[in-house]
Amino acid sequence: MKFPELLAKSQLAGLPLLPEQILPGHLAQVLGAGDQLMVATGKSQLHALGLDPANHLDRFRNLVRLAAVLHDLGKANSHFQEMVRKSRKAQGLRHEWVSVLMVIGKLQFWLEQVFSQEDVRLALWAVAGHHPSWTRPSPPEPQDNGAGPTFTIFWDHKHLAESLQLAKVAFGLGEPPIYSEEVYSLTGSSSVFIQLKTWFRKELGFWESMSQADRLLLAGLKHSLVGADVAGSALPVSKPLSDAGAGWIISAFANQPEAQGLESVVKLRLGRSNPRAFQSLMGESTASITLVTAGCGSGKTVGAYLWAARCHPGKKLFFCYPTTGTATEGFRGYLHVNDLEDLTAESKAVKDLQSDLFHSRRDIDFAFILGTDPDPDEGDNNRVEALKAWSTPVVACTCDTVLGVVQNHRKGMFAWPGIAGSAIVFDEVHAFDDRLFGALLRFLNDVQGVPVLLMTASLPNGRLAAIRRVAKERNRSIREIEGPRDVEMLLRYRLEKTPENLEERLHVELEGGGKILWVCNTVKRVMEVADQFPKAIVYHSRFKYIDRVQRHREVVGAFEPRTSTKPVLACCTQVAEMSLDLKGCTLLVTDIAPVPSMIQRLGRLNRDAGPGSPIRPFIVLETTNSLPYNPEHLAEARAWLKRLADRQLCQRDLVTEWKAIEKMHEPLPIASTWLDGGPRTQPGELREASPGITVLLDSDRILLESSREEPGFFSIPMPTPPQNVDWRTKQYRGIPVVRDETIHYDIARGARWVI
């Protein structure tokens, strides 16, 4: 089948075909985007990776240009052209691997007129991996998808000839070779899969002997190609890139926060108060790595903005939190300025920072927590969000956005050019699981030119030693700052023995106007408490997100002493450990948990204490099993609790007594699919896997199909379904849909499987 045009992108219905939707036009767009990306970020990317731009910038730029021209040549094949016209459902070999096949089979000798064999190799490795996916093996394998036994490459098509002419002009090559269209086999001993596997095995050998500098250069090249492809695909197609896109890319990266605006975040938060001494020390730290250990509520975040304003003015700021909830709360508390409020000079300066929130539930949180709407012109795809991250001076996000770079997660790959020239804050690093902390260590180890601020309420000796070791091995300066002694030495807590009649003890607390937070280790435990105390506010993860936001508001509001004087009992899971800023908690009841979790839970108790404030009790309950924790960690917590008994306690006591008994375990940086992959580019796990599934009720699916709401408003995180439950019906926008009768859902208590 002949095609008059070789399409690179789908033609929009009812609209004329644009030059950028045809293969040579698209390649020209991506080449132009790559050129401008190098102008804007080439030096900062190399500096971030510890490479000297004086020695590597020209080569880096040429590699990006070569990969940009080659990356989509493989779209000149019959399967892709039929798919982009919606006349085919499956292709036998994805276009990026067809591009590799075309170069190694018929174009490599031509390219080597100008480029070294090694540089062609690096460019091809980037091309092969510019669409990484969990479901796509590298190298590719035959798929039983009905694609058929063969496909055709249109070597003699005018648009492929124009694409090769683009390369000729861009690199000063001779005339490109001329071939006739050719049929390629997907089966048998001469299949393309065997050819690619043979090539791939040889490439692995070259990777093993490659210098560290070239490995790092490849890492920058891979993510830069993805960025150039994103920009070239998402920029306006009404004008050529040289008129519209180039200026946008350069101005996007030039849009950096001003020191005055960052200082205004501090002033708006502190009011007439001066920064505490430790916050001022943070604002003076020019070390490559700054580590701040300070108790919950001590003001680390204020110090972080001082650090950004005074030590790294003019650098983009990524403020990274461990969860979407903490990211939203951090954005709301420090960066969000309501348009309906009367703006002071400070609030106007904060608004002028053009900060934004980036995580998977951002639009929902804007609507329900922040009480505003996201920009209606943004669109909802990851590409537009990635480009917006390039131009946003201050980004509040989950740590996955930045650390996802290490494991080839798409958002991290998109954001990399911006990350490379930024200053980065990682908050609450004590909450990182072992794998996520290993990813942090790998980032500190290999992205050594980016200044980093680490903040934590407590940190195990082993993790502290690991950070120090990476800093020493990579010759990175490190400064460690402790929290305010007067705040951390303030007596706040006392461990109360578990009463024989806990229910009676809680009733006494409530009758006295108390506000009780009960933190359970599992949702099942929360439900048991809710059965025992029907008036308790229930808050855990298994709500529709739209309802979970309301539970969050209800809990925070019920504990606010200035607006609510009524007694309250709130029963929560670990969601209470970080994102709940509770001011009026008078009693904490908690299941036994690992020490870092216990310290976080205690951070909710007596949070607003001052000199002369009453000491508040906490009660620790044993559980029938250790889930979801390691029994060894709970044994350590029991030993820790024994050291806390029979005295009044301050925040520093909690950490000191833990350090005294902690078993030293020094974690290591994780293997990185980005930095260690070589010719293979696939995503890797960033966090420790937790079994579960996110679903939609069928009734909500019907509602969504008749509206324009985001499915995330109604999605429910659930544990793995019981084997005897026939739950699945279909999918809606990638989310499994379940029969309503298989899940019991209560707006006040959440969801559970019906067994």
# chains A, B, ... in the order shown; residues from 1 in each chain; ligands from 1
>>> select_by_dssp(residues="segment 450-509 of chain A", states="strand (DSSP E)", output="list in words")
Val452, Leu453, Leu454, Met455, Thr456, Ile478, Arg479, Glu480, Ile481, Glu482, Tyr493, Arg494 and Leu495 of chain A
>>> residues_around(residues="Val620 of chain A", least_positions_apart="2", cutoff="10 Å", atoms="only C-alpha atoms", output="list in words")
Leu495, Glu496, Lys497, Thr498, Trp518, Val519, Leu588, Val589, Thr590, Asp591, Ile592, Ala593, Met598, Phe618, Glu622, Thr623, Arg638 and Leu641 of chain A
>>> write_last_selection(atoms="N, CA and C atoms", output="mmCIF file, in the first residue's frame")
data_model
loop_
_atom_site.group_PDB
_atom_site.id
_atom_site.type_symbol
_atom_site.label_atom_id
_atom_site.label_comp_id
_atom_site.auth_asym_id
_atom_site.auth_seq_id
_atom_site.Cartn_x
_atom_site.Cartn_y
_atom_site.Cartn_z
ATOM 1 N N LEU A 495 4.924 9.155 78.286
ATOM 2 C CA LEU A 495 4.382 7.857 77.906
ATOM 3 C C LEU A 495 3.475 7.361 79.020
ATOM 4 N N GLU A 496 2.233 7.140 78.694
ATOM 5 C CA GLU A 496 1.254 6.669 79.671
ATOM 6 C C GLU A 496 1.064 5.165 79.497
ATOM 7 N N LYS A 497 1.084 4.449 80.602
ATOM 8 C CA LYS A 497 0.856 3.007 80.524
ATOM 9 C C LYS A 497 -0.530 2.730 79.967
ATOM 10 N N THR A 498 -0.626 1.668 79.192
ATOM 11 C CA THR A 498 -1.912 1.320 78.597
ATOM 12 C C THR A 498 -2.901 0.991 79.710
ATOM 13 N N TRP A 518 -5.975 8.805 67.180
ATOM 14 C CA TRP A 518 -5.664 7.380 67.300
ATOM 15 C C TRP A 518 -5.119 6.933 65.947
ATOM 16 N N VAL A 519 -3.853 6.524 65.911
ATOM 17 C CA VAL A 519 -3.212 6.113 64.668
ATOM 18 C C VAL A 519 -3.044 4.596 64.668
ATOM 19 N N LEU A 588 -2.512 11.210 72.254
ATOM 20 C CA LEU A 588 -2.200 10.354 71.111
ATOM 21 C C LEU A 588 -2.295 8.906 71.549
ATOM 22 N N VAL A 589 -3.062 8.130 70.797
ATOM 23 C CA VAL A 589 -3.088 6.673 70.957
ATOM 24 C C VAL A 589 -2.542 6.094 69.660
ATOM 25 N N THR A 590 -1.579 5.197 69.755
ATOM 26 C CA THR A 590 -0.960 4.680 68.539
ATOM 27 C C THR A 590 -0.620 3.210 68.666
ATOM 28 N N ASP A 591 -0.826 2.480 67.580
ATOM 29 C CA ASP A 591 -0.284 1.127 67.495
ATOM 30 C C ASP A 591 1.228 1.218 67.496
ATOM 31 N N ILE A 592 1.879 0.194 68.020
ATOM 32 C CA ILE A 592 3.333 0.183 67.988
ATOM 33 C C ILE A 592 3.801 0.134 66.537
ATOM 34 N N ALA A 593 4.844 0.899 66.216
ATOM 35 C CA ALA A 593 5.342 1.041 64.856
ATOM 36 C C ALA A 593 6.845 1.265 64.920
ATOM 37 N N MET A 598 6.942 6.312 64.786
ATOM 38 C CA MET A 598 6.480 6.750 66.103
ATOM 39 C C MET A 598 6.843 8.222 66.338
ATOM 40 N N PHE A 618 0.833 10.087 75.693
ATOM 41 C CA PHE A 618 0.593 9.192 74.552
ATOM 42 C C PHE A 618 0.571 7.756 75.049
ATOM 43 N N GLU A 622 -0.045 -2.616 71.718
ATOM 44 C CA GLU A 622 0.481 -3.769 70.991
ATOM 45 C C GLU A 622 -0.572 -4.268 70.002
ATOM 46 N N THR A 623 -0.109 -4.885 68.912
ATOM 47 C CA THR A 623 -1.017 -5.428 67.902
ATOM 48 C C THR A 623 -0.837 -6.939 67.818
ATOM 49 N N ARG A 638 10.074 -1.330 70.825
ATOM 50 C CA ARG A 638 9.765 -1.693 72.218
ATOM 51 C C ARG A 638 10.936 -1.339 73.136
ATOM 52 N N LEU A 641 10.876 2.382 73.639
ATOM 53 C CA LEU A 641 9.816 2.827 74.549
ATOM 54 C C LEU A 641 10.208 2.613 76.009
#
>>> closest_residue(among="A:Asp698, A:Asp119, A:Glu182, A:Asp581", to="Gly105 of chain A", atoms="only C-alpha atoms")
A:Glu182
>>> closest_residue(among="A:Lys515, A:Arg272, A:His312, A:Lys168", to="Val114 of chain A", atoms="only C-alpha atoms")
A:Lys168
>>> atom_distance(atom1="atom CA of Asp700 of chain A", atom2="atom CA of Trp753 of chain A")
16.6 Å
>>> residues_around(residues="Gln448 of chain A", least_positions_apart="4", cutoff="8 Å", atoms="only C-alpha atoms", output="list of chain:residue names")
A:Ala48, A:Leu49, A:Gly50, A:Ser288, A:Phe443, A:Leu444, A:Arg474, A:Arg476
>>> closest_residue(among="A:Gly610, A:Pro393, A:Pro417, A:Pro719", to="Arg492 of chain A", atoms="only C-alpha atoms")
A:Gly610
>>> select_by_dssp(residues="segment 179-368 of chain A", states="helix (DSSP H, G or I)", output="short mmCIF file (atom, residue, chain, number, x, y, z; two decimals) with C-alpha atoms, in the first residue's frame")
data_model
loop_
_atom_site.label_atom_id
_atom_site.label_comp_id
_atom_site.auth_asym_id
_atom_site.auth_seq_id
_atom_site.Cartn_x
_atom_site.Cartn_y
_atom_site.Cartn_z
CA VAL A 192 14.26 -8.49 12.51
CA PHE A 193 14.15 -9.65 16.14
CA ILE A 194 17.12 -11.96 15.62
CA GLN A 195 19.03 -9.17 13.86
CA LEU A 196 18.35 -6.75 16.70
CA LYS A 197 19.25 -9.27 19.41
CA THR A 198 22.55 -9.99 17.67
CA TRP A 199 23.27 -6.28 17.48
CA PHE A 200 22.23 -5.76 21.10
CA ARG A 201 24.58 -8.45 22.43
CA LYS A 202 27.51 -6.74 20.72
CA GLU A 203 26.44 -3.37 22.12
CA LEU A 204 26.44 -4.75 25.66
CA GLY A 205 30.09 -5.63 25.19
CA PHE A 206 30.90 -2.06 24.16
CA TRP A 207 28.98 -0.77 27.20
CA GLU A 208 31.09 -2.85 29.58
CA GLN A 212 32.59 6.70 32.99
CA ALA A 213 32.51 10.04 31.19
CA ASP A 214 30.85 8.48 28.14
CA ARG A 215 28.36 6.66 30.36
CA LEU A 216 27.33 9.95 31.96
CA LEU A 217 27.20 11.63 28.55
CA LEU A 218 24.85 8.87 27.38
CA ALA A 219 22.62 9.47 30.41
CA GLY A 220 22.28 13.16 29.53
CA LEU A 221 21.74 12.29 25.86
CA LYS A 222 18.89 9.88 26.55
CA HIS A 223 16.86 12.35 28.58
CA SER A 224 17.71 15.24 26.26
CA LEU A 225 16.33 13.34 23.28
CA VAL A 226 13.12 12.68 25.18
CA GLY A 227 12.94 16.38 26.06
CA ALA A 228 13.59 17.50 22.48
CA ASP A 229 10.96 15.07 21.19
CA VAL A 230 8.44 16.33 23.76
CA ALA A 231 9.13 19.96 22.87
CA GLY A 232 9.14 19.31 19.15
CA SER A 233 5.83 17.46 19.40
CA ALA A 234 4.02 19.75 21.83
CA GLY A 245 9.34 27.21 19.67
CA ALA A 246 12.94 28.27 20.00
CA GLY A 247 12.10 31.44 21.85
CA TRP A 248 9.74 29.54 24.10
CA ILE A 249 12.33 26.96 25.09
CA ILE A 250 15.00 29.49 25.93
CA SER A 251 12.61 31.80 27.77
CA ALA A 252 11.16 28.82 29.68
CA PHE A 253 14.50 27.96 31.22
CA ALA A 254 15.32 31.63 31.74
CA ALA A 259 15.63 36.04 45.62
CA GLN A 260 13.16 38.71 46.69
CA GLY A 261 10.20 36.46 45.95
CA LEU A 262 11.70 33.56 47.88
CA GLU A 263 12.48 35.84 50.81
CA SER A 264 8.84 36.96 50.70
CA VAL A 265 7.74 33.35 51.31
CA VAL A 266 9.71 33.55 54.56
CA LYS A 267 8.37 36.97 55.54
CA LEU A 268 4.79 35.95 54.81
CA ARG A 269 5.19 32.90 57.04
CA LEU A 270 7.09 34.56 59.90
CA ALA A 277 19.22 30.72 64.43
CA PHE A 278 19.16 27.33 62.69
CA GLN A 279 17.04 28.79 59.86
CA SER A 280 19.64 31.52 59.37
CA LEU A 281 22.36 28.86 59.29
CA MET A 282 20.40 27.10 56.55
CA LYS A 300 12.61 23.62 58.54
CA THR A 301 10.56 24.71 55.53
CA VAL A 302 11.10 28.40 56.29
CA GLY A 303 14.83 27.69 56.45
CA ALA A 304 14.62 25.92 53.10
CA TYR A 305 13.29 29.03 51.38
CA LEU A 306 16.03 31.08 53.02
CA TRP A 307 18.55 28.55 51.63
CA ALA A 308 17.12 28.90 48.13
CA ALA A 309 16.90 32.70 48.29
CA ARG A 310 20.32 33.43 49.76
CA CYS A 311 22.50 30.59 48.49
CA THR A 324 1.00 13.80 47.15
CA GLY A 325 -0.67 14.86 50.39
CA THR A 326 2.46 16.43 51.84
CA ALA A 327 3.24 18.10 48.50
CA THR A 328 -0.21 19.68 48.40
CA GLU A 329 0.02 20.80 52.02
CA GLY A 330 3.47 22.26 51.44
CA PHE A 331 2.24 24.17 48.40
CA ARG A 332 -0.86 25.38 50.22
CA GLY A 333 1.02 26.49 53.31
CA TYR A 334 3.85 28.39 51.62
CA ALA A 345 3.56 43.32 49.27
CA GLU A 346 4.83 39.94 50.49
CA SER A 347 1.87 37.91 49.21
CA LYS A 348 2.07 39.65 45.83
CA ALA A 349 5.78 38.78 45.62
CA VAL A 350 4.98 35.15 46.46
CA LYS A 351 2.28 35.11 43.79
CA ARG A 362 -2.81 18.07 41.24
CA ASP A 363 -6.02 19.16 39.47
CA ILE A 364 -8.16 17.51 42.14
CA ASP A 365 -6.23 19.16 44.95
CA PHE A 366 -6.55 22.56 43.27
CA ALA A 367 -10.31 22.11 43.18
CA PHE A 368 -10.91 20.65 46.62
#
>>> closest_residue(among="A:Phe115, A:Tyr629, A:Trp658, A:Phe109", to="Ser690 of chain A", atoms="only C-alpha atoms")
A:Tyr629
>>> closest_residue(among="A:Pro4, A:Gly32, A:Gly299, A:Gly513", to="His159 of chain A", atoms="only C-alpha atoms")
A:Pro4
>>> residues_around(residues="Arg469 of chain A", least_positions_apart="4", cutoff="10 Å", atoms="only C-alpha atoms", output="ChimeraX atom specification")
/A:441,445,463-465,473-476,666,668
>>> atom_distance(atom1="atom CA of His79 of chain A", atom2="atom CA of Gln11 of chain A")
16.6 Å
>>> atom_distance(atom1="atom CA of Gly514 of chain A", atom2="atom CA of Met489 of chain A")
24.6 Å
>>> residues_around(residues="Arg687 of chain A", least_positions_apart="3", cutoff="9 Å", atoms="only C-alpha atoms", output="JSON, numbers by chain")
{"A": [400, 432, 433, 434, 435, 436, 437, 439, 690]}
>>> residues_around(residues="Gly462 of chain A", least_positions_apart="4", cutoff="9 Å", atoms="only C-alpha atoms", output="list in words")
Ala466, Ile467, Glu662, Lys663, Met664, His665, Glu666 and Pro667 of chain A
>>> residues_around(residues="Val529 of chain A", least_positions_apart="3", cutoff="12 Å", atoms="only C-alpha atoms", output="ChimeraX atom specification")
/A:502-503,506,517-526,532-539,569-573,589-591,749
>>> write_last_selection(atoms="N, CA and C atoms", output="compact mmCIF listing (two decimals), in the first residue's frame")
# COMPACT_ATOMS: atom_id res chain seq x y z
N LEU A 502 -9.30 0.98 78.27
CA LEU A 502 -8.94 2.06 77.37
C LEU A 502 -10.17 2.88 76.98
N GLU A 503 -11.28 2.22 76.79
CA GLU A 503 -12.50 2.94 76.39
C GLU A 503 -12.89 3.97 77.44
N LEU A 506 -10.54 7.00 77.29
CA LEU A 506 -10.84 7.91 76.19
C LEU A 506 -12.08 8.73 76.48
N LEU A 517 -6.13 11.77 68.89
CA LEU A 517 -5.74 11.18 67.61
C LEU A 517 -5.33 9.74 67.87
N TRP A 518 -5.97 8.81 67.18
CA TRP A 518 -5.66 7.38 67.30
C TRP A 518 -5.12 6.93 65.95
N VAL A 519 -3.85 6.52 65.91
CA VAL A 519 -3.21 6.11 64.67
C VAL A 519 -3.04 4.60 64.67
N CYS A 520 -3.63 3.95 63.68
CA CYS A 520 -3.57 2.50 63.53
C CYS A 520 -2.66 2.13 62.37
N ASN A 521 -2.16 0.90 62.42
CA ASN A 521 -1.22 0.45 61.39
C ASN A 521 -1.90 -0.06 60.13
N THR A 522 -3.17 -0.43 60.20
CA THR A 522 -3.88 -0.97 59.05
C THR A 522 -5.29 -0.39 58.99
N VAL A 523 -5.87 -0.42 57.82
CA VAL A 523 -7.25 0.03 57.66
C VAL A 523 -8.20 -0.87 58.46
N LYS A 524 -7.89 -2.16 58.52
CA LYS A 524 -8.72 -3.08 59.29
C LYS A 524 -8.80 -2.64 60.75
N ARG A 525 -7.67 -2.24 61.31
CA ARG A 525 -7.64 -1.77 62.69
C ARG A 525 -8.47 -0.50 62.85
N VAL A 526 -8.39 0.40 61.87
CA VAL A 526 -9.18 1.63 61.93
C VAL A 526 -10.66 1.29 61.99
N GLN A 532 -16.09 0.43 67.49
CA GLN A 532 -16.13 0.62 68.94
C GLN A 532 -16.54 2.04 69.31
N PHE A 533 -16.16 3.01 68.46
CA PHE A 533 -16.46 4.43 68.70
C PHE A 533 -17.15 5.00 67.46
N PRO A 534 -18.45 4.82 67.35
CA PRO A 534 -19.17 5.20 66.12
C PRO A 534 -19.07 6.70 65.77
N LYS A 535 -18.80 7.56 66.75
CA LYS A 535 -18.73 8.99 66.46
C LYS A 535 -17.33 9.44 66.03
N ALA A 536 -16.39 8.52 65.98
CA ALA A 536 -15.02 8.88 65.59
C ALA A 536 -14.99 9.30 64.12
N ILE A 537 -14.13 10.26 63.82
CA ILE A 537 -13.86 10.62 62.42
C ILE A 537 -12.86 9.61 61.87
N VAL A 538 -13.18 9.02 60.74
CA VAL A 538 -12.33 7.98 60.15
C VAL A 538 -11.59 8.57 58.96
N TYR A 539 -10.26 8.34 58.92
CA TYR A 539 -9.46 8.86 57.83
C TYR A 539 -8.37 7.84 57.48
N LEU A 569 -12.53 12.58 68.52
CA LEU A 569 -11.70 11.39 68.37
C LEU A 569 -11.58 11.11 66.88
N ALA A 570 -10.35 11.16 66.38
CA ALA A 570 -10.10 10.84 64.97
C ALA A 570 -9.26 9.59 64.91
N CYS A 571 -9.71 8.65 64.11
CA CYS A 571 -8.99 7.38 63.96
C CYS A 571 -8.46 7.30 62.54
N CYS A 572 -7.13 7.21 62.42
CA CYS A 572 -6.47 7.31 61.11
C CYS A 572 -5.44 6.20 60.95
N THR A 573 -5.02 5.99 59.72
CA THR A 573 -3.86 5.15 59.44
C THR A 573 -2.62 6.04 59.36
N VAL A 589 -3.06 8.13 70.80
CA VAL A 589 -3.09 6.67 70.96
C VAL A 589 -2.54 6.09 69.66
N THR A 590 -1.58 5.20 69.75
CA THR A 590 -0.96 4.68 68.54
C THR A 590 -0.62 3.21 68.67
N ASP A 591 -0.83 2.48 67.58
CA ASP A 591 -0.28 1.13 67.50
C ASP A 591 1.23 1.22 67.50
N ARG A 749 -16.74 6.10 56.07
CA ARG A 749 -15.85 5.05 56.56
C ARG A 749 -14.98 4.43 55.48
>>> closest_residue(among="A:Ala76, A:Ile424, A:Cys296, A:Leu357", to="Cys397 of chain A", atoms="only C-alpha atoms")
A:Leu357
